[in-house]
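Worksheet: the structure to be examined is printed underneath.
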Amino acid sequence: MATLILTAVGSAVGGPLGSAIGAFVGQQIDRALIGNGPRREGPRLKELEVQTSSYGSAIPAVYGSMRVAGIVFWASDLIEQRSVSGGSKSQPGTATYSYSANLAVAFSGRPIARVGRIWADGNLLRGAAGDLKFETELRIHYGHQDQPVDPLLASSEAPGRSPAYRGLAYAVFEGLQLAEFGNRIPSLTFEVFEREDAVPLHEILSNISDRIISGETPETLNGFAIQGSDARTSIEPLINTFPVTLRPKGDGLEIEGWFDAPHLAAASPSAIRLNGKAIERPAKKRAAQSNAAASIVLRYYEKERDYQIGLQRHGPRLIHDRETQLELPACLSAVAAQRLTSLNWLQQIRMKSRSVRVSTFSSSPPMVGQFQTETREKITEIEYLNGCFRVMGQGWLDAESAPSAVADPGRDVSSPDVTAGQTLLQLVDLPAMIEPMPSQPVLGVVAAGTGEGWRKARLAVREGAALTELGRTALPGSIGWLLSSLPAHSGHLVDTDHSVMVRVHHPGMDFPAGSGDPLSLNAPIVHVAGELIKYGVSEQIGPLDFRLSKLVRGCFGSEGKIALHPADTPLCILSPEAMTQFNSIGLVFGDSVSIEAYGIGDTLPVVASLANVGLAIRPLPPCHLNVKFDSGQNMQISWLRRSRLDRGWRDYADLPIDEPQLIFDVQIESGLTLLATFQLQSETLEISSTTIGSWGLLSGAPLIIGMQQRGAYAVSETTSMSTNLP
């Protein structure tokens, strides 16, 4: 823009000469503001990159081990899956939706040996052992020349149209479930191993320069990824950081170390006068030490911390405005990085605060190798002066000056690499625990894994040959087994005589400590073989072992399941966040149900079954049954109903009405003979002496009074009492 404006102004003022002058000045301004042309970019040290899918994005060429961001070069549309759970004549089913995607992600432009861990949005998707943490099918292509065509990519193209992408290392994710990533494709990064050992620096320099750079150096690095469009900018950070330099050799460059003695021939005689005038004699000059940086800072990729950016600093005065920063987009150990930092600081001190030698030689035009400098000096400048050469040299760092490096990479706080193991599944016939009262049996599903890395599993209910998807499990629960037998105990008293010893499957499972009061509404609940037990105290007595005490047995109407539970009986904690509830999957009282779970580490579905479900819709048996005779030999029977929503007795609070109407069935037997039946809506019954006399029983005859509550969906268990005729 400045070129155009100043050219026009110069032409108007000074004609053709003014136009040329204006164009020249405008070009200088444009260069200062815009630059000389397209910017050349090589690898840059930056925070872990974000996955891209832009057309023309550069694919890194990996050496050694590196963590690189993927580049999506093929992807399908989001795949929607719809599943319906429940449903009956009176209640519609519930539709749930899940989404998945298929995609191919490139991560290296040259062949590799293997892929280690894979991260999705910073969380491990694949562990170091190759185990997947999220549900997907993964295929990795290593970029070799015999690489086959991926079947998924081939199926998306016409026959014979899909390439094999030989020379390109990439991964194909098929059916990647997106629920854990907000129903979007996550950003993927890959731990790529081009080889297992360290990479020689000279191999990288030679490959980048297309063999223009030759020679060898003992310097190595753990990993490097070539990125960008310019070889020079890829080489510069390596040369600027490692103790190497390049010198001309034939048509190329040769690697030379800082500590190598210069390969120079004998010097020509020094000139004293030039064209009759005295010239500067060979001399040594010392730069001010204050010109040196207070410290050197090196930033690099730290393998020990999941390839996050690491930083090492060396220097006696940590003054940030006097700090020299070196950025090396390579993977190093902390010790190797600290060594490079120390060497660069010492070399900078040597170059800026020690001697600089200026010599002048009289000679015919020589080769560079014909100059002689002091031992361990390098030539930095050669100036031709009318038949003579003025040579400037700087001192090199002595090898013995480098201190031994000690460094700590720090602590890794990223997601742990733990295995998922096999799915553990517990089914619970749940009582009515929340309002409104259910109209179908309520099924509780508690799931976990034998490993700490287990997350969730897909659920399905099987009815014969039909399989209906139910969605996914809740958060991992705490599942274990009894280490010792648990004797039976009355459900009406707190059991302070016994404690139960349990063991869980891995240290990530926990039993809440409890408040000390097992009658509390918030007391933890354990499910053991159909019985619901509250406890007041949990003590951890080992990495996997707990002792539960202050027990209340047969809670929530499960007193019929109170029994002696032997050792090795499975159990689980019931908590809202770790339990999936299904109350509308078409079950009726007395049905049997079979649930299948399929987790990330399962080769076959895990199956669990329950028979005679319906605790949530079955009335609880009445309690406090009482029988007495008055002076007239009339029988008076009374009882108290119980609500299905049984949270324990609460003073001064009415029980919720859980049935459309109260109906009670009363039966009176003597031995095996049924004497009478009654059906009524009150909680009392009086039988006259005349009716009792019609039974034809003698005084003292045994009587058994049994009663049930009749509900809308089922009949309660029987509450019975024995007595004798007066």
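In the structure tokens, chains take the letters A, B, ... in the order shown, each chain's residues start at 1, and ligands count up from 1 in the order shown.
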ask   = Arg553 in chain A: which residues within 12 Å, counting only C-alpha atoms, same-chain residues fewer than 6 positions away excluded, as a count of residues only?
value = 34
remark   = Of A:Val335, A:Ala158, A:Ile118, A:Val428, the one sitting nearest Gly410 in chain A when using only C-alpha atoms is A:Val335
request  = For Glu194 in chain A, list every protein, DNA or RNA residue within 12 Å, evaluated using only C-alpha atoms, and leave out those in the same chain fewer than 3 positions away; present the list as an MDAnalysis selection string.
outcome  = chainID A and resid 60:67 107:116 142:144 169 191 197:199 222:225
Selection export as a short mmCIF file (atom, residue, chain, number, x, y, z; two decimals), in the first residue's frame, atoms kept: N, CA, C and O atoms:
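New file part-v5.cif:
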data_model
loop_
_atom_site.label_atom_id
_atom_site.label_comp_id
_atom_site.auth_asym_id
_atom_site.auth_seq_id
_atom_site.Cartn_x
_atom_site.Cartn_y
_atom_site.Cartn_z
N PRO A 60 2.59 -34.12 10.93
CA PRO A 60 3.95 -34.22 11.47
C PRO A 60 4.62 -35.53 11.09
O PRO A 60 3.95 -36.56 10.94
N ALA A 61 5.94 -35.47 10.92
CA ALA A 61 6.75 -36.67 10.71
C ALA A 61 7.47 -36.96 12.02
O ALA A 61 8.29 -36.16 12.47
N VAL A 62 7.16 -38.06 12.64
CA VAL A 62 7.58 -38.33 14.01
C VAL A 62 8.86 -39.15 14.01
O VAL A 62 9.00 -40.14 13.28
N TYR A 63 9.80 -38.73 14.87
CA TYR A 63 11.00 -39.50 15.18
C TYR A 63 10.97 -39.81 16.68
O TYR A 63 10.64 -38.94 17.50
N GLY A 64 11.35 -41.04 17.03
CA GLY A 64 11.36 -41.40 18.44
C GLY A 64 9.95 -41.48 18.99
O GLY A 64 9.03 -42.00 18.34
N SER A 65 9.74 -40.98 20.21
CA SER A 65 8.43 -40.99 20.85
C SER A 65 7.96 -39.57 21.06
O SER A 65 8.68 -38.74 21.61
N MET A 66 6.73 -39.27 20.63
CA MET A 66 6.14 -37.94 20.75
C MET A 66 4.64 -38.08 20.96
O MET A 66 4.04 -39.10 20.61
N ARG A 67 4.07 -37.05 21.54
CA ARG A 67 2.62 -36.95 21.62
C ARG A 67 2.18 -35.87 20.64
O ARG A 67 2.59 -34.71 20.76
N PHE A 107 -1.68 -39.10 12.14
CA PHE A 107 -0.83 -38.52 13.18
C PHE A 107 0.66 -38.60 12.87
O PHE A 107 1.47 -38.06 13.61
N SER A 108 1.06 -39.22 11.77
CA SER A 108 2.48 -39.22 11.41
C SER A 108 2.62 -39.38 9.91
O SER A 108 1.98 -40.26 9.31
N GLY A 109 3.49 -38.55 9.32
CA GLY A 109 3.73 -38.61 7.89
C GLY A 109 4.84 -39.57 7.51
O GLY A 109 5.29 -39.53 6.36
N ARG A 110 5.29 -40.40 8.42
CA ARG A 110 6.28 -41.44 8.12
C ARG A 110 5.94 -42.67 8.93
O ARG A 110 5.22 -42.59 9.93
N PRO A 111 6.43 -43.85 8.54
CA PRO A 111 6.06 -45.08 9.24
C PRO A 111 6.48 -45.05 10.72
O PRO A 111 7.45 -44.41 11.09
N ILE A 112 5.70 -45.74 11.54
CA ILE A 112 5.97 -45.81 12.97
C ILE A 112 6.01 -47.27 13.40
O ILE A 112 5.63 -48.18 12.64
N ALA A 113 6.46 -47.48 14.65
CA ALA A 113 6.52 -48.84 15.19
C ALA A 113 5.24 -49.21 15.93
O ALA A 113 4.72 -50.32 15.79
N ARG A 114 4.71 -48.28 16.72
CA ARG A 114 3.49 -48.58 17.46
C ARG A 114 2.88 -47.29 17.99
O ARG A 114 3.50 -46.22 17.94
N VAL A 115 1.67 -47.42 18.52
CA VAL A 115 0.97 -46.33 19.19
C VAL A 115 0.77 -46.73 20.64
O VAL A 115 0.35 -47.87 20.92
N GLY A 116 1.08 -45.83 21.55
CA GLY A 116 0.88 -46.10 22.97
C GLY A 116 -0.48 -45.61 23.42
O GLY A 116 -1.52 -46.09 22.98
N TYR A 142 0.08 -48.40 10.45
CA TYR A 142 1.39 -47.91 10.86
C TYR A 142 2.17 -47.23 9.75
O TYR A 142 3.30 -46.81 9.97
N GLY A 143 1.62 -47.10 8.57
CA GLY A 143 2.26 -46.33 7.51
C GLY A 143 3.29 -47.08 6.69
O GLY A 143 4.05 -46.45 5.94
N HIS A 144 3.33 -48.40 6.78
CA HIS A 144 4.30 -49.16 6.01
C HIS A 144 3.83 -49.31 4.56
O HIS A 144 2.65 -49.10 4.23
N ALA A 169 0.74 -42.86 8.80
CA ALA A 169 0.24 -43.59 9.98
C ALA A 169 -1.05 -42.93 10.44
O ALA A 169 -1.09 -41.71 10.66
N GLU A 191 0.13 -40.90 21.51
CA GLU A 191 1.51 -41.17 21.89
C GLU A 191 2.09 -42.10 20.83
O GLU A 191 1.72 -43.27 20.75
N ASP A 197 14.07 -46.65 21.12
CA ASP A 197 15.29 -46.05 21.66
C ASP A 197 15.35 -44.56 21.36
O ASP A 197 14.50 -44.01 20.63
N ALA A 198 16.38 -43.91 21.91
CA ALA A 198 16.61 -42.50 21.63
C ALA A 198 17.01 -42.31 20.17
O ALA A 198 17.53 -43.22 19.51
N VAL A 199 16.78 -41.11 19.65
CA VAL A 199 17.06 -40.81 18.25
C VAL A 199 18.35 -40.01 18.16
O VAL A 199 18.49 -38.97 18.83
N ASN A 222 14.80 -37.86 22.83
CA ASN A 222 13.78 -38.90 22.92
C ASN A 222 12.79 -38.85 21.77
O ASN A 222 12.25 -39.88 21.37
N GLY A 223 12.50 -37.67 21.29
CA GLY A 223 11.52 -37.58 20.22
C GLY A 223 11.51 -36.22 19.58
O GLY A 223 11.88 -35.21 20.19
N PHE A 224 11.07 -36.17 18.33
CA PHE A 224 10.99 -34.92 17.58
C PHE A 224 9.96 -35.12 16.48
O PHE A 224 9.87 -36.19 15.87
N ALA A 225 9.17 -34.10 16.23
CA ALA A 225 8.16 -34.15 15.17
C ALA A 225 8.42 -33.02 14.19
O ALA A 225 8.37 -31.85 14.57
#
message = Please return, as a PyMOL selection string, all residues of range 118-171 of chain A that DSSP assigns to alpha helix (DSSP H) on the basis of the backbone.
response = chain A and resi 151-155
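For the choices A:Leu346, A:Leu188, A:Leu427, A:Ala529, the atom-to-atom distance to Val606 in chain A is smallest for A:Leu427 when using only C-alpha atoms.
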message = Run DSSP on the backbone and tell me which residues of range 173-249 of chain A come out as strand (DSSP E); list them as a ChimeraX atom specification.
response = /A:173-177,188-193,199-200,213-214,220-221,223-226,244-249
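Residues in contact with Glu686 in chain A at up to 10 Å, not including ones fewer than 5 positions away on its chain and judged by only C-alpha atoms, are Val627, Lys628, Phe629, Asn634, Met635, Gln636, Ile637 and Ser638 of chain A.
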Would you output that residue set with all heavy atoms, as a PDB file, in the first residue's frame?
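This is the output file selection28.pdb:
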ATOM      1  N   VAL A 627     -54.812 -59.856  69.251  1.00  0.00           N
ATOM      2  CA  VAL A 627     -56.062 -60.606  69.424  1.00  0.00           C
ATOM      3  C   VAL A 627     -56.365 -60.688  70.925  1.00  0.00           C
ATOM      4  O   VAL A 627     -55.484 -61.047  71.728  1.00  0.00           O
ATOM      5  CB  VAL A 627     -55.960 -62.019  68.825  1.00  0.00           C
ATOM      6  CG1 VAL A 627     -57.273 -62.779  69.040  1.00  0.00           C
ATOM      7  CG2 VAL A 627     -55.614 -61.961  67.346  1.00  0.00           C
ATOM      8  N   LYS A 628     -57.612 -60.388  71.293  1.00  0.00           N
ATOM      9  CA  LYS A 628     -58.033 -60.504  72.698  1.00  0.00           C
ATOM     10  C   LYS A 628     -59.527 -60.826  72.752  1.00  0.00           C
ATOM     11  O   LYS A 628     -60.261 -60.602  71.775  1.00  0.00           O
ATOM     12  CB  LYS A 628     -57.722 -59.237  73.468  1.00  0.00           C
ATOM     13  CG  LYS A 628     -58.477 -58.005  73.008  1.00  0.00           C
ATOM     14  CD  LYS A 628     -58.091 -56.796  73.861  1.00  0.00           C
ATOM     15  CE  LYS A 628     -58.872 -55.554  73.421  1.00  0.00           C
ATOM     16  NZ  LYS A 628     -58.542 -54.364  74.238  1.00  0.00           N
ATOM     17  N   PHE A 629     -59.951 -61.379  73.903  1.00  0.00           N
ATOM     18  CA  PHE A 629     -61.340 -61.744  74.120  1.00  0.00           C
ATOM     19  C   PHE A 629     -61.876 -60.905  75.282  1.00  0.00           C
ATOM     20  O   PHE A 629     -61.190 -60.723  76.305  1.00  0.00           O
ATOM     21  CB  PHE A 629     -61.471 -63.231  74.456  1.00  0.00           C
ATOM     22  CG  PHE A 629     -61.099 -64.135  73.308  1.00  0.00           C
ATOM     23  CD1 PHE A 629     -59.775 -64.526  73.103  1.00  0.00           C
ATOM     24  CD2 PHE A 629     -62.066 -64.608  72.439  1.00  0.00           C
ATOM     25  CE1 PHE A 629     -59.435 -65.361  72.063  1.00  0.00           C
ATOM     26  CE2 PHE A 629     -61.727 -65.445  71.397  1.00  0.00           C
ATOM     27  CZ  PHE A 629     -60.409 -65.815  71.204  1.00  0.00           C
ATOM     28  N   ASN A 634     -66.345 -62.452  73.169  1.00  0.00           N
ATOM     29  CA  ASN A 634     -66.223 -61.902  71.817  1.00  0.00           C
ATOM     30  C   ASN A 634     -64.745 -61.684  71.488  1.00  0.00           C
ATOM     31  O   ASN A 634     -63.955 -61.252  72.345  1.00  0.00           O
ATOM     32  CB  ASN A 634     -66.967 -60.581  71.706  1.00  0.00           C
ATOM     33  CG  ASN A 634     -68.449 -60.720  71.993  1.00  0.00           C
ATOM     34  OD1 ASN A 634     -69.101 -61.595  71.444  1.00  0.00           O
ATOM     35  ND2 ASN A 634     -68.983 -59.864  72.862  1.00  0.00           N
ATOM     36  N   MET A 635     -64.344 -61.977  70.224  1.00  0.00           N
ATOM     37  CA  MET A 635     -62.941 -61.838  69.785  1.00  0.00           C
ATOM     38  C   MET A 635     -62.751 -60.465  69.131  1.00  0.00           C
ATOM     39  O   MET A 635     -63.524 -60.081  68.252  1.00  0.00           O
ATOM     40  CB  MET A 635     -62.565 -62.943  68.795  1.00  0.00           C
ATOM     41  CG  MET A 635     -61.109 -62.862  68.313  1.00  0.00           C
ATOM     42  SD  MET A 635     -60.755 -64.049  66.994  1.00  0.00           S
ATOM     43  CE  MET A 635     -60.990 -65.602  67.836  1.00  0.00           C
ATOM     44  N   GLN A 636     -61.742 -59.748  69.580  1.00  0.00           N
ATOM     45  CA  GLN A 636     -61.407 -58.442  69.005  1.00  0.00           C
ATOM     46  C   GLN A 636     -60.000 -58.511  68.397  1.00  0.00           C
ATOM     47  O   GLN A 636     -59.034 -58.822  69.097  1.00  0.00           O
ATOM     48  CB  GLN A 636     -61.484 -57.360  70.080  1.00  0.00           C
ATOM     49  CG  GLN A 636     -62.878 -57.145  70.635  1.00  0.00           C
ATOM     50  CD  GLN A 636     -62.917 -56.127  71.751  1.00  0.00           C
ATOM     51  OE1 GLN A 636     -61.876 -55.707  72.263  1.00  0.00           O
ATOM     52  NE2 GLN A 636     -64.126 -55.721  72.136  1.00  0.00           N
ATOM     53  N   ILE A 637     -59.924 -58.256  67.088  1.00  0.00           N
ATOM     54  CA  ILE A 637     -58.651 -58.318  66.340  1.00  0.00           C
ATOM     55  C   ILE A 637     -58.341 -56.911  65.830  1.00  0.00           C
ATOM     56  O   ILE A 637     -59.209 -56.239  65.256  1.00  0.00           O
ATOM     57  CB  ILE A 637     -58.739 -59.301  65.157  1.00  0.00           C
ATOM     58  CG1 ILE A 637     -59.195 -60.685  65.631  1.00  0.00           C
ATOM     59  CG2 ILE A 637     -57.394 -59.389  64.438  1.00  0.00           C
ATOM     60  CD1 ILE A 637     -59.465 -61.651  64.492  1.00  0.00           C
ATOM     61  N   SER A 638     -57.097 -56.475  66.034  1.00  0.00           N
ATOM     62  CA  SER A 638     -56.669 -55.153  65.529  1.00  0.00           C
ATOM     63  C   SER A 638     -55.279 -55.271  64.917  1.00  0.00           C
ATOM     64  O   SER A 638     -54.509 -56.187  65.241  1.00  0.00           O
ATOM     65  CB  SER A 638     -56.680 -54.113  66.660  1.00  0.00           C
ATOM     66  OG  SER A 638     -55.745 -54.471  67.668  1.00  0.00           O
TER      67      SER A 638
END
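Closest approach to Ser415 in chain A from the set A:Leu340, A:Val446, A:Leu672, A:Leu124 is made by A:Leu124, with distances taken over only C-alpha atoms.
Nearest residue to Thr718 in chain A, choosing from A:Glu683, A:Glu203, A:Asp251, A:Asp665 and counting only C-alpha atoms: A:Asp665.
Between CA of Tyr713 in chain A and CA of Cys572 in chain A lies a distance of 28.3 Å.
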task = Find the residue from A:Gln540, A:Asn724, A:Gln667, A:Thr419 that sits nearest to Ala128 in chain A; use only C-alpha atoms when measuring.
result = A:Thr419
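Going from CA of Ser484 in chain A to CA of Pro605 in chain A covers 29.8 Å.
The list of residues with at least one atom within 7 Å of Glu137 in chain A, based on only C-alpha atoms and without residues fewer than 2 positions apart in the same chain, reads Arg139, Phe173, Glu174 and Gly175 of chain A.
The gap separating CA of Ser584 in chain A from CA of Cys555 in chain A is 23.7 Å, in Å to one decimal.
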Please identify all polymer residues within 12 Å of Ser699 in chain A, counting only C-alpha atoms, omitting same-chain residues fewer than 2 positions from it, and present them as an mmCIF file with C-alpha atoms, in the first residue's frame.
data_model
loop_
_atom_site.group_PDB
_atom_site.id
_atom_site.type_symbol
_atom_site.label_atom_id
_atom_site.label_comp_id
_atom_site.auth_asym_id
_atom_site.auth_seq_id
_atom_site.Cartn_x
_atom_site.Cartn_y
_atom_site.Cartn_z
ATOM 1 C CA GLN A 633 -66.162 -64.224 74.825
ATOM 2 C CA ILE A 692 -67.205 -68.436 67.485
ATOM 3 C CA GLY A 693 -69.615 -70.969 69.003
ATOM 4 C CA TRP A 695 -67.223 -73.234 64.795
ATOM 5 C CA GLY A 696 -67.772 -76.124 67.219
ATOM 6 C CA LEU A 697 -64.407 -75.793 69.009
ATOM 7 C CA ALA A 701 -58.550 -74.983 71.028
ATOM 8 C CA PRO A 702 -55.653 -73.430 69.011
ATOM 9 C CA LEU A 703 -56.453 -70.615 66.613
ATOM 10 C CA THR A 723 -53.841 -67.933 70.235
ATOM 11 C CA ASN A 724 -56.246 -70.235 72.065
ATOM 12 C CA LEU A 725 -59.943 -70.058 72.754
ATOM 13 C CA PRO A 726 -60.625 -69.067 76.330
#
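Residues in contact range of Thr719 in chain A, defined as at most 12 Å between only C-alpha atoms, with sequence neighbours fewer than 4 positions away removed, read Glu559, Gly560, Pro619, Leu620, Pro621, Pro622, Cys623, His624, Leu625, Asn626, Ser638, Trp639, Leu640, Arg641, Arg642, Phe664, Asp665, Val666, Gln667, Ile668, Ile704, Ile705, Gly706, Met707, Gln708, Gln709 and Val715 of chain A.
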